[in-house]
Structures are given as structure tokens and as C-alpha cells.
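Structure file start09.cif (mmCIF, C-alpha atoms) is printed below.
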```
data_run
loop_
_atom_site.label_atom_id
_atom_site.label_comp_id
_atom_site.auth_asym_id
_atom_site.auth_seq_id
_atom_site.Cartn_x
_atom_site.Cartn_y
_atom_site.Cartn_z
CA MET A 157 113.66 138.31 91.11
CA SER A 158 112.66 138.41 87.44
CA ALA A 159 110.07 140.11 85.29
CA VAL A 160 108.02 137.31 83.71
CA ALA A 161 105.39 137.48 81.00
CA VAL A 162 102.95 134.56 81.11
CA VAL A 163 101.20 134.11 77.77
CA GLY A 164 97.76 132.57 78.18
CA ALA A 165 95.34 132.62 81.10
CA GLY A 166 94.09 129.06 81.02
CA VAL A 167 94.68 126.57 83.82
CA GLY A 168 98.41 126.27 83.16
CA GLY A 169 99.00 129.98 82.73
CA LEU A 170 97.13 130.97 85.88
CA CYS A 171 98.94 128.27 87.89
CA ALA A 172 102.27 129.54 86.61
CA ALA A 173 101.30 133.09 87.58
CA LEU A 174 100.38 131.92 91.09
CA GLY A 175 103.64 130.04 91.60
CA LEU A 176 105.87 132.76 90.19
CA ALA A 177 104.14 135.56 92.08
CA ALA A 178 104.45 133.62 95.34
CA ASP A 179 108.20 133.47 94.72
CA GLY A 180 108.34 137.25 94.32
CA HIS A 181 108.62 137.56 90.56
CA GLU A 182 107.01 140.48 88.74
CA VAL A 183 104.31 138.69 86.72
CA THR A 184 102.25 139.94 83.78
CA VAL A 185 99.62 137.66 82.24
CA LEU A 186 98.78 138.31 78.59
CA GLU A 187 95.44 136.84 77.49
CA ARG A 188 94.08 137.17 73.97
CA ALA A 189 90.42 136.84 75.04
CA SER A 190 88.40 139.73 76.40
CA GLY A 191 87.77 138.04 79.75
CA LEU A 192 89.10 135.41 82.12
CA GLU A 193 86.70 132.77 80.92
CA ALA A 194 87.37 129.05 80.65
CA VAL A 195 86.82 127.14 77.42
CA GLY A 196 85.85 123.56 78.15
CA ALA A 197 83.38 121.42 80.03
CA GLY A 198 84.92 119.47 82.90
CA LEU A 199 87.96 117.60 84.06
CA VAL A 200 89.19 115.02 86.52
CA LEU A 201 91.88 116.10 88.97
CA ALA A 202 93.78 113.08 90.27
CA PRO A 203 95.70 113.32 93.57
CA ASN A 204 98.87 114.57 91.87
CA ALA A 205 96.94 117.54 90.46
CA VAL A 206 95.16 118.18 93.77
CA LEU A 207 98.49 118.22 95.62
CA ALA A 208 100.04 120.56 93.08
CA LEU A 209 97.09 122.95 93.36
CA ALA A 210 97.38 122.92 97.14
CA ARG A 211 101.05 123.89 96.87
CA LEU A 212 99.89 126.85 94.79
CA GLY A 213 97.40 127.83 97.50
CA VAL A 214 94.26 126.53 95.76
CA HIS A 215 92.26 123.98 97.76
CA LEU A 216 89.36 121.93 96.45
CA ASP A 217 87.62 121.04 99.72
CA GLY A 218 83.88 121.27 99.10
CA GLU A 219 84.31 121.77 95.37
CA GLY A 220 83.04 119.55 92.57
CA GLN A 221 82.66 115.84 93.29
CA VAL A 222 85.04 113.49 95.07
CA LEU A 223 85.11 110.33 92.94
CA SER A 224 84.98 106.84 94.44
CA ARG A 225 86.05 104.93 91.33
CA ILE A 226 86.56 105.07 87.59
CA GLU A 227 85.01 102.28 85.55
CA VAL A 228 85.68 101.29 81.96
CA CYS A 229 82.65 99.37 80.74
CA GLY A 230 81.53 97.46 77.71
CA ARG A 231 78.53 98.82 75.86
CA GLY A 232 76.29 96.63 78.01
CA GLY A 233 77.37 98.66 81.02
CA ASP A 234 79.25 95.92 82.90
CA PRO A 235 82.70 97.00 84.17
CA LEU A 236 85.73 95.68 82.30
CA SER A 237 88.24 97.54 84.47
CA THR A 238 87.87 99.51 87.71
CA ILE A 239 90.15 102.00 89.43
CA ASP A 240 89.29 102.09 93.14
CA LEU A 241 89.99 105.70 94.06
CA THR A 242 89.06 105.20 97.71
CA ARG A 243 92.08 102.89 98.05
CA LEU A 244 94.31 105.65 96.71
CA ALA A 245 92.84 108.40 98.86
CA GLY A 246 94.43 107.28 102.14
CA ALA A 247 98.00 107.59 100.90
CA HIS A 248 97.62 110.10 98.08
CA GLY A 249 94.45 112.09 98.68
CA PRO A 250 91.10 112.25 96.90
CA THR A 251 90.33 112.54 93.20
CA TYR A 252 88.00 115.38 92.24
CA ALA A 253 85.86 116.02 89.20
CA ILE A 254 84.99 119.65 88.59
CA THR A 255 83.71 121.86 85.81
CA ARG A 256 86.46 123.73 84.03
CA PRO A 257 84.80 127.14 84.58
CA ARG A 258 84.70 126.53 88.34
CA LEU A 259 88.38 125.55 88.51
CA HIS A 260 89.25 128.55 86.37
CA ALA A 261 87.31 130.83 88.70
CA LEU A 262 89.14 129.44 91.74
CA LEU A 263 92.52 130.07 90.09
CA ALA A 264 91.59 133.60 89.01
CA ALA A 265 90.32 134.43 92.50
CA ALA A 266 93.61 133.24 94.01
CA LEU A 267 95.75 135.65 91.96
CA PRO A 268 97.39 138.25 94.19
CA PRO A 269 97.02 141.95 93.35
CA SER A 270 100.67 142.02 92.28
CA VAL A 271 99.86 139.99 89.15
CA GLU A 272 99.01 142.24 86.21
CA VAL A 273 96.41 140.68 83.91
CA LEU A 274 96.06 142.21 80.43
CA LEU A 275 93.05 141.12 78.37
CA ASP A 276 92.53 141.54 74.62
CA ALA A 277 96.30 141.06 74.38
CA PRO A 278 97.16 138.51 71.65
CA VAL A 279 100.92 138.14 71.47
CA THR A 280 102.22 138.98 68.00
CA ALA A 281 105.99 138.68 68.50
CA VAL A 282 108.53 137.25 70.93
CA GLU A 283 112.11 138.36 70.29
CA ALA A 284 115.11 137.35 72.39
CA SER A 285 118.10 139.65 72.68
CA GLY A 286 120.86 138.90 75.14
CA ARG A 287 119.37 138.55 78.59
CA THR A 288 115.97 140.04 77.78
CA VAL A 289 112.95 138.98 75.77
CA THR A 290 110.72 141.51 74.06
CA VAL A 291 107.04 140.62 73.90
CA ALA A 292 104.69 142.47 71.55
CA TRP A 293 100.89 142.52 71.68
CA SER A 294 98.13 144.79 70.37
CA GLY A 295 100.52 147.60 69.49
CA SER A 296 102.38 147.40 72.82
CA ARG A 297 105.85 146.06 73.60
CA ARG A 298 107.61 145.15 76.83
CA GLU A 299 111.01 143.80 77.79
CA VAL A 300 111.01 140.98 80.34
CA ASP A 301 113.53 138.53 81.70
CA VAL A 302 111.52 135.39 80.90
CA VAL A 303 108.46 134.40 78.87
CA VAL A 304 106.34 131.45 80.02
CA ALA A 305 104.06 130.38 77.19
CA ALA A 306 100.85 128.61 78.15
CA ASP A 307 98.91 129.45 75.01
CA GLY A 308 97.59 126.02 74.19
CA LEU A 309 97.69 123.35 71.53
CA ARG A 310 98.18 125.76 68.63
CA SER A 311 100.65 127.90 70.54
CA ALA A 312 101.66 131.05 68.67
CA VAL A 313 104.72 131.43 70.91
CA ARG A 314 105.88 127.87 70.14
CA THR A 315 105.87 128.76 66.45
CA MET A 316 107.64 132.07 67.09
CA VAL A 317 110.59 130.34 68.79
CA GLY A 318 110.96 127.66 66.14
CA GLY A 319 109.03 124.84 67.78
CA PRO A 320 106.98 122.27 65.87
CA ALA A 321 103.87 123.52 64.11
CA ARG A 322 102.70 120.13 62.86
CA LEU A 323 100.22 118.32 65.09
CA ARG A 324 99.44 114.60 65.30
CA TYR A 325 95.81 113.63 64.77
CA SER A 326 94.56 111.01 67.22
CA ARG A 327 91.89 109.64 64.81
CA ASN A 328 89.30 110.83 67.32
CA THR A 329 86.69 113.55 67.19
CA CYS A 330 84.98 114.52 70.44
CA TRP A 331 81.79 116.21 71.64
CA ARG A 332 81.71 117.55 75.21
CA GLY A 333 79.36 119.29 77.57
CA VAL A 334 77.82 119.49 81.04
CA ALA A 335 74.33 118.09 81.65
CA PRO A 336 71.92 117.58 84.58
CA LEU A 337 72.11 113.91 85.58
CA ASP A 338 72.54 112.21 88.95
CA VAL A 339 74.91 109.25 88.62
CA GLY A 340 76.37 109.00 92.12
CA ASP A 341 80.10 109.35 92.70
CA ALA A 342 81.64 107.05 90.05
CA ALA A 343 83.03 108.12 86.68
CA VAL A 344 82.17 105.78 83.82
CA GLU A 345 83.65 105.36 80.35
CA SER A 346 81.75 103.01 78.06
CA TRP A 347 83.67 101.49 75.12
CA GLY A 348 81.90 100.49 71.93
CA ASP A 349 83.02 99.60 68.42
CA GLY A 350 85.09 102.67 67.52
CA HIS A 351 83.28 104.97 69.92
CA ARG A 352 83.29 105.84 73.63
CA VAL A 353 80.93 107.62 76.01
CA GLY A 354 82.28 109.18 79.20
CA VAL A 355 80.12 110.34 82.13
CA VAL A 356 81.77 112.09 85.09
CA PRO A 357 79.81 113.52 88.04
CA VAL A 358 80.92 117.05 88.93
CA GLY A 359 78.55 117.72 91.85
CA ALA A 360 75.20 119.48 92.22
CA GLY A 361 73.43 116.80 90.17
CA GLN A 362 75.48 117.50 87.07
CA VAL A 363 77.86 115.48 84.91
CA TYR A 364 80.65 116.34 82.55
CA TYR A 365 80.28 114.12 79.49
CA TYR A 366 82.31 113.37 76.39
CA LEU A 367 81.47 111.42 73.26
CA VAL A 368 84.48 110.15 71.29
CA GLN A 369 84.24 108.73 67.77
CA VAL A 370 86.93 107.29 65.50
CA ALA A 371 86.71 109.50 62.43
CA PRO A 372 88.83 111.31 59.83
CA ALA A 373 89.83 114.85 60.72
CA GLY A 374 87.26 117.42 59.69
CA VAL A 375 84.42 114.94 59.35
CA GLU A 376 80.98 116.49 58.89
CA THR A 377 79.28 116.78 62.26
CA PRO A 378 75.67 115.72 62.89
CA THR A 379 73.15 118.51 63.17
CA SER A 380 70.71 116.95 65.64
CA VAL A 381 70.79 114.96 68.86
CA THR A 382 69.00 112.13 67.08
CA GLN A 383 71.78 111.89 64.50
CA LEU A 384 74.40 112.08 67.23
CA ARG A 385 72.80 109.29 69.27
CA ALA A 386 72.78 107.07 66.19
CA MET A 387 76.58 107.34 66.08
CA PHE A 388 76.83 105.81 69.57
CA PRO A 389 74.64 102.69 69.46
CA GLY A 390 74.29 100.05 72.14
CA HIS A 391 75.55 101.92 75.20
CA ALA A 392 73.63 100.97 78.34
CA LYS A 393 73.25 101.90 81.99
CA THR A 394 75.06 105.16 82.87
CA ALA A 395 76.27 105.89 79.33
CA GLY A 396 72.89 105.02 77.86
CA HIS A 397 71.11 107.24 80.39
CA LEU A 398 73.40 110.11 79.39
CA LEU A 399 72.68 109.71 75.70
CA ASP A 400 68.93 109.48 76.35
CA SER A 401 69.03 112.62 78.51
CA LEU A 402 70.58 114.90 75.88
CA VAL A 403 68.09 117.50 74.67
CA ALA A 404 70.49 119.61 72.58
CA MET A 405 73.72 119.15 70.70
CA PRO A 406 76.81 119.31 72.93
CA PRO A 407 78.24 122.83 73.03
CA LEU A 408 81.80 121.74 72.22
CA HIS A 409 83.10 119.68 69.31
CA HIS A 410 86.79 119.24 68.48
CA ASP A 411 89.01 116.87 66.60
CA LEU A 412 91.63 115.65 69.10
CA TYR A 413 95.22 116.51 68.22
CA GLU A 414 98.47 116.19 70.13
CA LEU A 415 102.13 117.10 69.73
CA GLY A 416 104.34 114.29 68.48
CA ARG A 417 106.74 114.86 71.36
CA PRO A 418 107.28 117.56 74.02
CA TYR A 419 108.94 120.85 73.11
CA TRP A 420 110.00 122.84 76.16
CA GLY A 421 111.10 126.15 74.67
CA ARG A 422 114.18 128.07 73.61
CA GLY A 423 116.51 130.28 75.59
CA ARG A 424 114.47 132.32 78.05
CA VAL A 425 111.15 131.28 76.55
CA LEU A 426 109.67 128.31 78.43
CA LEU A 427 106.55 126.44 77.32
CA LEU A 428 104.10 124.57 79.54
CA GLY A 429 100.87 122.62 79.30
CA ASP A 430 99.42 121.94 75.87
CA ALA A 431 101.81 124.44 74.30
CA ALA A 432 104.68 122.16 75.34
CA HIS A 433 103.17 118.68 75.25
CA ALA A 434 99.55 118.48 74.14
CA MET A 435 98.43 114.89 74.64
CA THR A 436 95.33 112.78 74.17
CA PRO A 437 92.99 112.85 77.19
CA ASN A 438 92.96 109.09 77.72
CA GLN A 439 94.41 109.25 81.25
CA GLY A 440 92.70 112.47 82.29
CA GLN A 441 96.11 114.00 83.00
CA GLY A 442 96.32 116.93 80.59
CA ALA A 443 95.42 119.60 83.14
CA ALA A 444 97.43 117.81 85.83
CA MET A 445 100.57 117.94 83.70
CA ALA A 446 100.09 121.69 83.14
CA ILE A 447 99.64 122.26 86.87
CA GLU A 448 102.78 120.25 87.65
CA ASP A 449 104.60 122.22 84.93
CA ALA A 450 103.75 125.44 86.77
CA LEU A 451 105.48 124.17 89.90
CA ALA A 452 108.47 123.05 87.85
CA VAL A 453 108.79 126.43 86.08
CA THR A 454 108.67 128.16 89.44
CA ALA A 455 111.36 125.86 90.84
CA ALA A 456 113.56 126.26 87.75
CA LEU A 457 113.55 130.06 88.08
CA ARG A 458 114.55 130.10 91.75
CA THR A 459 118.23 130.24 90.80
CA GLY A 460 117.65 132.76 88.03
CA PRO A 461 116.73 132.77 84.33
CA ASP A 462 120.10 131.49 83.12
CA GLY A 463 119.83 127.73 82.69
CA ALA A 464 116.19 127.70 83.76
CA LEU A 465 115.09 125.96 80.56
CA ASP A 466 117.57 123.12 81.09
CA ARG A 467 116.49 122.69 84.71
CA TYR A 468 112.84 122.74 83.73
CA ARG A 469 113.30 120.23 80.91
CA ALA A 470 115.27 117.89 83.17
CA ALA A 471 112.54 118.00 85.82
CA ARG A 472 109.67 117.35 83.43
CA HIS A 473 110.60 115.58 80.21
CA ARG A 474 110.77 111.96 81.34
CA ARG A 475 107.53 112.08 83.33
CA VAL A 476 105.53 113.98 80.72
CA ARG A 477 106.78 111.82 77.86
CA GLN A 478 105.75 108.68 79.72
CA VAL A 479 102.26 110.04 80.37
CA GLN A 480 101.94 111.20 76.77
CA LEU A 481 102.96 107.83 75.30
CA THR A 482 100.79 105.84 77.71
CA SER A 483 97.78 107.98 76.80
CA ARG A 484 98.54 107.38 73.13
CA ARG A 485 98.70 103.61 73.66
CA ILE A 486 95.39 103.60 75.52
CA GLY A 487 93.86 105.49 72.63
CA THR A 488 95.17 102.93 70.16
CA VAL A 489 93.46 100.13 72.09
CA ALA A 490 90.24 102.11 72.52
CA ASN A 491 90.14 102.92 68.79
CA LEU A 492 90.05 99.27 67.72
CA ARG A 493 87.10 98.49 65.50
CA GLY A 494 85.28 95.38 64.39
CA PRO A 495 83.08 92.99 66.39
CA GLY A 496 85.74 90.27 66.68
CA VAL A 497 88.49 92.66 67.75
CA THR A 498 86.32 94.40 70.33
CA ARG A 499 85.23 91.07 71.83
CA VAL A 500 88.88 90.04 72.23
CA ARG A 501 89.65 93.43 73.82
CA GLN A 502 86.84 93.04 76.32
CA THR A 503 87.92 89.50 77.20
CA MET A 504 91.53 90.59 77.81
CA MET A 505 90.42 93.50 79.99
CA ARG A 506 88.19 91.21 82.08
CA LEU A 507 91.04 88.73 82.54
CA ALA A 508 93.46 91.37 83.87
CA PRO A 509 94.01 91.19 87.65
CA PRO A 510 91.34 93.25 89.42
CA TYR A 511 93.94 95.43 91.14
CA SER A 512 95.99 96.20 87.99
CA ALA A 513 94.17 99.39 86.98
CA THR A 514 94.31 100.80 90.52
CA ALA A 515 98.02 99.92 90.74
CA ALA A 516 98.69 101.74 87.47
CA MET A 517 96.86 104.79 88.78
CA ARG A 518 98.89 104.64 92.00
CA ARG A 519 102.14 104.70 90.02
CA LEU A 520 100.89 107.63 87.95
CA VAL A 521 99.93 109.83 90.89
CA THR A 522 102.93 108.86 93.02
CA CYS A 523 105.29 110.39 90.44
CA GLY A 524 103.55 113.71 90.78
CA PRO A 525 104.69 117.17 91.84
CA VAL A 526 107.26 115.81 94.30
CA THR A 527 109.55 115.53 91.25
CA THR A 528 109.31 119.27 90.64
CA ASN A 529 111.00 120.42 93.84
CA PRO A 530 114.27 122.32 93.33
#
```
So that I can check it, write out the structure of this file as C-alpha cells.
Amino acid sequence: MSAVAVVGAGVGGLCAALGLAADGHEVTVLERASGLEAVGAGLVLAPNAVLALARLGVHLDGEGQVLSRIEVCGRGGDPLSTIDLTRLAGAHGPTYAITRPRLHALLAAALPPSVEVLLDAPVTAVEASGRTVTVAWSGSRREVDVVVAADGLRSAVRTMVGGPARLRYSRNTCWRGVAPLDVGDAAVESWGDGHRVGVVPVGAGQVYYYLVQVAPAGVETPTSVTQLRAMFPGHAKTAGHLLDSLVAMPPLHHDLYELGRPYWGRGRVLLLGDAAHAMTPNQGQGAAMAIEDALAVTAALRTGPDGALDRYRAARHRRVRQVQLTSRRIGTVANLRGPGVTRVRQTMMRLAPPYSATAAMRRLVTCGPVTTNP
């Protein structure tokens, strides 16, 4: 077995630590923050993510909210496209929505005592030499057999090993949060003219919400809820209720960036999650891809560190690239602006066969973690 340093204790990093420790590797997690705390609001875990988590020993029974459907609506609130998640559940399992802090807590609680977690440990150098990799952080250094970098969109390790530093702006800025609102068991995304409102129930009478606006990078953000609401006019029903219910500015605001294409690592340094393939969130598969990556990294190391990067890349590149490009295309359609263009978009979405969105979701989740077996 190998000594592995996992850089980053987000969803992807903790999943990698779980998988590698279960296989008997000596795992050290290096986290730059002072605690194991999640940054984010909520997420949707489709059946492929739920299955991957189960394989890592993390089960979601009784957690969050099981979703019955996902609806894309016009601003008037009428569905343009519906994914019937109950039809998928029989063959593939349920889809959950959960707050990111709760998922993070479940992953942290599942870590075995054998996993060493070092906090306040920002990695400052990664140096490969022969069959070892030296990792430096906070004045300390350690030689390991493999580094697994899960340190996010602006990955320091990716830069250290010569990966791309330039990010691709999606033309979207996004506000996110969790709010008290009872909306049942359906997730709704309402599309307007250059803006979207998403409302996802996460259980206990709460929703995860996101507000997406087409805007230049670094645009000045509104300072009040009233100003923010004015940027999202005309949304009705669930989305309108969410906007009306906001009493404070959302706690999170980020411009949405992605990597132009996946970068899997170099030598004995393997990247996963956003560090390897940050993508737009238009399919709700960002966390799922990181969780699947963790299984694939674990499988790739079962025959040793030599060649692990090639095995890992072969297992993941085609699937991840397809998800990344599809998410990008959805974003392009959603970003269309102008009354005439948006009316045409709504008409085309209404004319699509009613089963098409569910069928697309079935294809997405069917190609899940089964592809990561050794």
C-alpha cells in the first residue's frame, strides 16, 4: 500500500480519503482552513452520486430531501421541461437534495481513525523526485508515494505541476443561500431574460436557492435585497415566492468560472473534482463528478502508483468531458437574452417530447460509478 497525501478537505478530498483508507493506504489530508467546514449552500445528488457515496460507506437514508422531479419553468411559473425522478428511482435509486454542510459532516464523520487530518496546512510546494513526491506546508515537509489534489477551482497544486492557470468565465454571476420555505418535493429552475432562479427543497422546511445573472466578470453587486429582486423581474410561483421571502442578501456570491478542459495531473500527482475539471453547475453534477473521481482514483491505485495517472485518466476523461461540455451548452441556451429569443427558446422547450428530459437524465446517471471499477 502507498502513503497518499490528499490536498483539500472538501467533498472530493474527503471522498478520496474514504476510498483510499478503505483500500489500506496510509492517508493524510491537508486542509488550509482551520476547521472541517463546508463552503457552499446546497447541492443535488443524482443517483450516480448516491451510488458512489454508498460504495464509500456513506448512506443518505433519512437525510435531506428525496426529490420527485426537476422542473424548468418560464418566468410565469409554468413548466417548460420536467425530469420525472420517480421514474428513475426504480432502476437507479432516488435523487437527494441536501445542504452542503450536512453532506460534509457526514463525510467527515465517516473518516476512520487511520486518516490523519491536518488543519491550517496550506500546501506551498509539491516536488516530484523519482518514485516519491515531497509535499510542503506551513514549514513542514513530508515524502509520500502519491498526491491527490482536491483543492478546488483555483487549485494551487494544479499550478505547481504545470497545469492550466487560466479559467473560462461562464458569463454568469451567482448568489446562493439556504432559506426557510416549504415548496414540497420538487426542484424548480425558472428561466427569465438573461437570469435564472433555482429553488431546491433540502428538507426540514428549507430550500437551497441560487440566483444566476448574465453579467461581466466582477460586476458591482447590489447592496440590498430590494436591488437584488429588481435584477430578477417577472418570476412567479415557486421562484417568485422565494424572491419575496428573502429578508437579507444571500450569504454567497461568486462569478462562475470553469476549466476549458480537464487536466488530470502529472506523474504521481493526480487531480480530482474542480481542481481537475471545474464545470458550470447546469446539470447539478459537479459534486457527483468529484465523488466518482474518488472511486476512480482508488481503483487506479490498486495496482500501485506507477501508471495510476494513465489508468485514472482513461477511466474518467470521456465521461467528465461529456458532462462538462453538455453543461456548457445548457448554459449557452440559458444565457440567451432578448424577448424574441427567449420566446423562441420557450416554444422549442415546450415542443420537445415530454419524456426527453427524463431520458437524458437516465443516460447521465446510468454512466455513473460503474465505469470506475478496476
key: Å distance separating CA of Pro268 (chain A) from CA of Asp217 (chain A), one decimal place   = 20.5 Å
message = What's the separation between CA of Ala444 (chain A) and CA of Trp331 (chain A), in Å to one decimal place?
response =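 Taking CA of Ala444 (chain A) as the start and CA of Trp331 (chain A) as the end point, the length is 21.2 Å.
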task = Write out as a PyMOL selection string which residues come within 9 Å of Met405 (chain A) when counting all atoms listed in the file, dropping same-chain ones fewer than 5 positions away.
result = chain A and resi 331+333+378-381+384
Between region 435-501 of chain A and region 420-429 of chain A, at 10 Å or less, what are the per-residue closest atom pairs and their distances in Å? Count all atoms listed in the file, order by chain and rising residue number, and return it as a Markdown table.
```
| residue | atom | partner | partner_atom | distance |
| --- | --- | --- | --- | --- |
| A:Met435 | CA | A:Gly429 | CA | 9.3 |
| A:Gly442 | CA | A:Gly429 | CA | 7.4 |
| A:Ala443 | CA | A:Gly429 | CA | 7.3 |
| A:Ala444 | CA | A:Gly429 | CA | 8.8 |
| A:Met445 | CA | A:Gly429 | CA | 6.4 |
| A:Ala446 | CA | A:Gly429 | CA | 4.0 |
| A:Ile447 | CA | A:Gly429 | CA | 7.7 |
| A:Glu448 | CA | A:Gly429 | CA | 8.9 |
| A:Asp449 | CA | A:Leu428 | CA | 5.9 |
| A:Ala450 | CA | A:Leu428 | CA | 7.3 |
| A:Ala452 | CA | A:Leu428 | CA | 9.5 |
| A:Val453 | CA | A:Leu426 | CA | 7.9 |
| A:Pro461 | CA | A:Arg424 | CA | 6.7 |
| A:Asp462 | CA | A:Arg424 | CA | 7.6 |
| A:Gly463 | CA | A:Gly423 | CA | 8.2 |
| A:Ala464 | CA | A:Arg424 | CA | 7.5 |
| A:Leu465 | CA | A:Leu426 | CA | 6.3 |
| A:Asp466 | CA | A:Trp420 | CA | 9.0 |
| A:Tyr468 | CA | A:Trp420 | CA | 8.1 |
| A:Arg469 | CA | A:Trp420 | CA | 6.3 |
| A:Arg472 | CA | A:Trp420 | CA | 9.1 |
| A:His473 | CA | A:Trp420 | CA | 8.3 |
| A:Val476 | CA | A:Gly429 | CA | 9.9 |
```
query = Quick one: which residues end up in the PyMOL selection byres ((chain A and resi 351) around 9) for this structure, as a VMD selection string?
reply = chain A and resid 328 346 to 350 352 to 353 367 to 370 387 to 389 490 to 491 493
query = With all atoms listed in the file as the atoms that count, which of A:Asp234, A:Asp341, A:Asp307, A:Glu299 lies nearest to Val358 (chain A)?
reply =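 With all atoms listed in the file as the atom set, the closest residue is A:Asp341.
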message = Using Å and a single decimal, report how far CA of Leu507 (chain A) sits from CA of Ala342 (chain A).
response =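 Computing the Euclidean distance for CA of Ala342 (chain A) and CA of Leu507 (chain A) yields 21.9 Å.
Distances to Ser483 (chain A) were evaluated for A:Gln502, A:Gln439, A:Thr454, A:Thr251 using only C-alpha atoms, and the minimum falls at A:Gln439.
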inquiry  = Env of Leu309 (chain A): 10 Å cut, atoms = all atoms listed in the file, seq-sep filter 2 positions within chain, self excluded. Answer as a count of residues only.
reply    = 17
query = Taking the file as shown, what set of residues would the PyMOL selection byres ((chain A and resi 163) around 6) give back, as a list in words?
reply = Val162, Gly164, Val185, Leu186, Ala305, Ala306 and Asp307 of chain A
Write out the residues from the selection above, keeping C-alpha atoms, as an mmCIF file, in the coordinates of the input.
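This is the output file part_32.cif:
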```cif
data_model
loop_
_atom_site.group_PDB
_atom_site.id
_atom_site.type_symbol
_atom_site.label_atom_id
_atom_site.label_comp_id
_atom_site.auth_asym_id
_atom_site.auth_seq_id
_atom_site.Cartn_x
_atom_site.Cartn_y
_atom_site.Cartn_z
ATOM 1 C CA VAL A 162 102.950 134.560 81.110
ATOM 2 C CA GLY A 164 97.760 132.570 78.180
ATOM 3 C CA VAL A 185 99.620 137.660 82.240
ATOM 4 C CA LEU A 186 98.780 138.310 78.590
ATOM 5 C CA ALA A 305 104.060 130.380 77.190
ATOM 6 C CA ALA A 306 100.850 128.610 78.150
ATOM 7 C CA ASP A 307 98.910 129.450 75.010
#
```
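Surrounding residues of (92.8, 96.6, 90.0) at most 8 Å away are Ser237, Thr238, Ile239, Asp240, Pro509, Pro510, Tyr511, Ser512, Ala513, Thr514 and Ala515 of chain A (based on only C-alpha atoms).
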request  = Return as a PyMOL selection string the set of residues that the PyMOL selection byres ((chain A and resi 271) around 8) yields on the displayed structure.
outcome  = chain A and resi 173+177+182-185+267-270+272-273
Mind checking which residues fall within 10 Å of Leu520 (chain A), counting all atoms listed in the file, ignoring those fewer than 3 positions away in the same chain, and posting them as an mmCIF file with C-alpha atoms, keeping the file's coordinate frame?
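Generated file (around_27.cif):
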```cif
data_model
loop_
_atom_site.group_PDB
_atom_site.id
_atom_site.type_symbol
_atom_site.label_atom_id
_atom_site.label_comp_id
_atom_site.auth_asym_id
_atom_site.auth_seq_id
_atom_site.Cartn_x
_atom_site.Cartn_y
_atom_site.Cartn_z
ATOM 1 C CA ALA A 202 93.780 113.080 90.270
ATOM 2 C CA PRO A 203 95.700 113.320 93.570
ATOM 3 C CA ASN A 204 98.870 114.570 91.870
ATOM 4 C CA GLN A 439 94.410 109.250 81.250
ATOM 5 C CA GLN A 441 96.110 114.000 83.000
ATOM 6 C CA ARG A 475 107.530 112.080 83.330
ATOM 7 C CA GLN A 478 105.750 108.680 79.720
ATOM 8 C CA VAL A 479 102.260 110.040 80.370
ATOM 9 C CA THR A 514 94.310 100.800 90.520
ATOM 10 C CA ALA A 515 98.020 99.920 90.740
ATOM 11 C CA ALA A 516 98.690 101.740 87.470
ATOM 12 C CA MET A 517 96.860 104.790 88.780
ATOM 13 C CA CYS A 523 105.290 110.390 90.440
ATOM 14 C CA GLY A 524 103.550 113.710 90.780
#
```
